[in-house]
Amino acid sequence: MAEIGKTLLDSGWLAARSTEVNEDGEKLTTTNPPSLGPKSPWIEAVVPGTVLGTLLKNKSIPDPFYGLENETITDIADSGRDYYTFCFSTHFPCKRLLNQYVHLNFRAINYSAEVYLNGHKIVLPKGMFRRHTLDVTDILHPDNKDNLLAVIVHPPDHPGSIPPQGGQGGDHEIGKDVAAQYVEGWDWICPIRDRNTGIWDEVSISVTGPVRIIDPHLVSTFFDDYERAYLHVTAELENKSTWNAECSVNIQVTAELENGVCLVEHLHTENVLIPARGHIQHTFKPLYIYKPELWWPNGMGKQNLYDVLITVAVKEFGESDSWMQPFGFRKIESDIDSVTGGRLFKINGEPIFIRGGNWILSDGLLRLSKERYRTDIKFHADMNMNMIRCWGGGLAERPEFYHFCDVYGLLVWQEFWITGDVDGRGDPVSNLNGPLDHDLFLLCARDTVKLLRNHPSLALWVGGNEQVPPKDINEALKQDLRLHPYFTTQLLSDKDSDPSVYLDGTRVYVQGSMWDGFADGKGNFTDGPYEIQNPEDFFKDTYYKYGFNPEVGSVGMPVADTIRATMPPEGWEIPLFKKGSDGFVEEVPNRMWDYHKYIPYSKPGKVHDQILMYGVPDNLDDFCLQAQLVNYIQYRALFEGWSAQMWTKYTGVLIWKNQNPWTGLRGQFYDHLLDQTASFYGCRSAAEPVHVQLNLASNFVEVVNTTPKELSDVEIEASVWDLEGNCPYSKVFNKLSAPPKKVVKTSEFKYPKSETAKPVYFLLLKLYHASDKTVISRNFYWLHLPGKDYTLLEPYRKKQIRLKTTCNAVRVGPDYELEINVHNTSRADLAKNAIHDEGKRDMGLLQKLFSRCGVTEDSKRGLKVVEMEGSDPGVAFFLRFSVHNAEAEKQDTRILPVHYSDNYFSLVPGESMSFKISFAAPTGVKKPPRVMLRGWNYPDGFTVFG
């Protein structure tokens, strides 16, 4: 018997422009299959992928994300749709036996297609976000020889054109189709010339017996304070045969214990009779599970997942089909908070303060992969975020994206394909009635719900971005996505007692991103702003009026290496600084930066240029380094400002935006090449579950505890370090406690008011357990007095401060795991300068500080020790690791991505920190990668490994 299961068709594809193919689909899949050759129009294709992705693979177009190359690529508005109508072709064997059935599956195509298989034609209907499942059992060759497949893919019906001034979604024509809207360009991305035409998601062949399993729905319910849980399951079962099928349907629930050992939590079988050629919806008896290991979002607990396996066996045939899904037991509730007016989320009964960001998609050309998704989502978890909003102008994200959100604990807000700019506003004014085909929109929406609904990370559905869907669509979504009585305090009268028979029924539907507890809740433009801010403004009560801001954005300049890797030399010119009569500076970027949507680091009339706070940069390296300093401050202050008013004013905030799906120069924590900016680590610091911070508006030291556990017997240590390496201020706040889910204001930080305060200084805050001095939270600031700036840091770059690093490396194949300790071995005259805020000397504090700074022994085997000599005492400021290919001859030698436990860090005299670094070396590299450490005081850097 042929093996039951799914086989991906993700290799061996060819493609050609349909107007250059002489044979029709019938001949291509019978007598004249395509082949490569010097005169052939066929080229190797990228499937899953898009037409532009295929053309780029074959170097038929320049890289649209490099410099201004996108402007040289023909736009579909100029060429016509036929230019980007492509034929994709492949071949595959498929052995099947009697009473086995084969389906050809397309998980998504943009936008419509004709499929030819062994000479047979099947027309696929329109819609970017729908699955196509074709029964090809009687079309396949019976003798296991190659089957020939050709797919002619047509672009969206209304690809639109790009007005000279650009704009949000071009001329908005794409909104007439059920497709991603960003492809006509936005204020953060260039237009995608083929509008993402292609077979952009997986293609597969699935073999089953007479009965197949379709879209099971898993729902968990809880009782007795989460000690008792039930798993509810409903699945569609289809009998392909001409005889009544007597089936036994089995559900197995398995938990993975340590060391790969699995524990079967539940095994249940039911007998079902399915009529010939029939479909049934079968709801199982609820499965009882005692004290399940719950799934928690990032920062609240473990992301426990069970494997739910459903199999069906048919009498006198055997196993017919199987389906498996990792599943998390958790309950999500959401309502409008009575105190703040913001939307409140509870997971397993616990309120969760939302700190996350907006997501478009991994890549503007839809070069999607599990590896990229894994990196993207782990980056978000590393930043201590707990929610990602999938913006309505982008994708219905793929199951792999949701899988890694399940694994790393990122709640997901998933929007449907409506945006205010393309569906009711804009220049020109767009069509308020949404897509032309409302039935198609709802079909795609319902299919998307079925595709994603079993993921515990999925938190809510939202009708659209800054817009509500047309009335009929909105009402249909409200009805389809209504909550089951188990999941709402408002009891509904409904004849369906089991929640798994609902389309979803377990999570809320909100009609728009600025309605019902988001922004002002009424749909007015009360999200944003999207530009540079004075850091202290984020803490002020006047900064934002409403309880939950779904979009607030700022700058996002990457490091200089990324600029050089994504632009030719003419793009390396830094902005001109034009000073106005009012004293404010306007930044004028070069044309490439402007094309890549650069956001300035100044706001004339409101915010003085934050780059110039550190002095006038001489070149790209200076500019990007100073930008990283601003990035760190800007995003740390944003999250800290929101956290300072947790539950009293705010329930959450989402930053616009986490990343760029192309080589953009705004609003990002990491760039398209997957190198983190300093804002990544400013966010990581500010969003840690327990955090010590300085309120930049009140100058009070605060402890933010977002966890459900009280912290007792903790202390805060505050120490100031000047540019001479001395400690003119130190204080311990002791006998503190931090109640769960509270912000504790401890005491005012008075150093800036002292007569001897330095114009520029460093502040180190440490929150630690009083009993064993274990550090819970560490936060490092560089600050200036009112009316001053950071220009004194420029001569500070010449300080030669001694550093010692030790590195221990473990390698398994291409994967490296490094643990690096960095120790600032310089010392200041502590007895002379350690004075606390009442003017009394506090030697004991500084002695405690250094006694907690352990140094790894040099003699420990396997450690590489590097020492940087220096005679100056002081803070080793703004240090940054990077990993490089020692064999690379090109200009950009970075190995990406790399996961760092922390980066862009500073060490006061005597202090040490340990870091974990993980990455995979490029294929074929023989020399060990080189890990570099650079910093404000170490512009040239030095090698700590390799």
# chains A, B, ... in the order shown; residues from 1 in each chain; ligands from 1

$ residues_around --residues "stretch 346-362 of chain A" --least-positions-apart "2" --cutoff "6 Å" --atoms "only C-alpha atoms" --output "MDAnalysis selection string"
chainID A and resid 330:333 385:391 394 651:658 661

$ closest_residue --among "A:Leu612, A:Ala886, A:Leu723, A:Val714" --to "A:Lys773" --atoms "only C-alpha atoms"
A:Val714

$ select_by_dssp --residues "stretch 693-924 of chain A" --states "helix (DSSP H, G or I)" --output "PyMOL selection string"
chain A and resi 751-753+793-796+830-833+843-851

$ write_last_selection --atoms "N, CA and C atoms" --output "mmCIF file, in the first residue's frame"
data_model
loop_
_atom_site.group_PDB
_atom_site.id
_atom_site.type_symbol
_atom_site.label_atom_id
_atom_site.label_comp_id
_atom_site.auth_asym_id
_atom_site.auth_seq_id
_atom_site.Cartn_x
_atom_site.Cartn_y
_atom_site.Cartn_z
ATOM 1 N N TYR A 751 20.400 63.274 42.343
ATOM 2 C CA TYR A 751 21.719 63.717 41.884
ATOM 3 C C TYR A 751 21.650 64.915 40.929
ATOM 4 N N PRO A 752 20.725 64.944 39.961
ATOM 5 C CA PRO A 752 20.729 66.085 39.029
ATOM 6 C C PRO A 752 20.505 67.436 39.715
ATOM 7 N N LYS A 753 19.947 67.441 40.922
ATOM 8 C CA LYS A 753 19.687 68.697 41.627
ATOM 9 C C LYS A 753 20.872 69.133 42.496
ATOM 10 N N LEU A 793 30.554 63.384 25.389
ATOM 11 C CA LEU A 793 30.889 61.987 25.144
ATOM 12 C C LEU A 793 31.848 61.827 23.974
ATOM 13 N N GLU A 794 31.962 62.835 23.118
ATOM 14 C CA GLU A 794 32.858 62.718 21.970
ATOM 15 C C GLU A 794 34.316 62.584 22.415
ATOM 16 N N PRO A 795 34.848 63.490 23.243
ATOM 17 C CA PRO A 795 36.235 63.259 23.716
ATOM 18 C C PRO A 795 36.365 62.027 24.592
ATOM 19 N N TYR A 796 35.253 61.562 25.170
ATOM 20 C CA TYR A 796 35.289 60.357 26.013
ATOM 21 C C TYR A 796 35.665 59.117 25.196
ATOM 22 N N LEU A 830 37.459 54.899 44.813
ATOM 23 C CA LEU A 830 36.094 54.747 45.323
ATOM 24 C C LEU A 830 35.907 55.420 46.669
ATOM 25 N N ALA A 831 36.911 55.310 47.542
ATOM 26 C CA ALA A 831 36.755 55.884 48.877
ATOM 27 C C ALA A 831 36.595 57.392 48.818
ATOM 28 N N LYS A 832 37.261 57.998 47.854
ATOM 29 C CA LYS A 832 37.213 59.447 47.735
ATOM 30 C C LYS A 832 35.894 59.920 47.144
ATOM 31 N N ASN A 833 35.303 59.118 46.297
ATOM 32 C CA ASN A 833 34.193 59.622 45.512
ATOM 33 C C ASN A 833 32.853 58.981 45.810
ATOM 34 N N MET A 843 31.005 53.745 51.683
ATOM 35 C CA MET A 843 31.970 52.756 51.217
ATOM 36 C C MET A 843 31.369 51.373 51.117
ATOM 37 N N GLY A 844 30.493 51.059 52.054
ATOM 38 C CA GLY A 844 29.940 49.707 52.081
ATOM 39 C C GLY A 844 29.209 49.359 50.805
ATOM 40 N N LEU A 845 28.482 50.319 50.248
ATOM 41 C CA LEU A 845 27.730 50.070 49.023
ATOM 42 C C LEU A 845 28.663 49.659 47.889
ATOM 43 N N LEU A 846 29.724 50.435 47.692
ATOM 44 C CA LEU A 846 30.620 50.145 46.577
ATOM 45 C C LEU A 846 31.371 48.839 46.779
ATOM 46 N N GLN A 847 31.706 48.532 48.035
ATOM 47 C CA GLN A 847 32.348 47.251 48.295
ATOM 48 C C GLN A 847 31.396 46.107 47.953
ATOM 49 N N LYS A 848 30.105 46.283 48.282
ATOM 50 C CA LYS A 848 29.121 45.257 47.929
ATOM 51 C C LYS A 848 28.998 45.133 46.413
ATOM 52 N N LEU A 849 29.029 46.291 45.749
ATOM 53 C CA LEU A 849 28.914 46.277 44.299
ATOM 54 C C LEU A 849 29.993 45.409 43.661
ATOM 55 N N PHE A 850 31.255 45.631 44.070
ATOM 56 C CA PHE A 850 32.332 44.909 43.431
ATOM 57 C C PHE A 850 32.434 43.471 43.919
ATOM 58 N N SER A 851 31.976 43.217 45.120
ATOM 59 C CA SER A 851 32.012 41.835 45.591
ATOM 60 C C SER A 851 31.064 40.961 44.789
#

$ atom_distance --atom1 "atom CA of A:Leu673" --atom2 "atom CA of A:Ser882"
13.6 Å

$ residues_around --residues "stretch 414-416 of chain A" --least-positions-apart "4" --cutoff "10 Å" --atoms "only C-alpha atoms" --output "number ranges by chain"
A: 129, 178, 180, 359, 388-397, 441-442, 444-445, 448-449, 452, 458-465, 469, 509-513
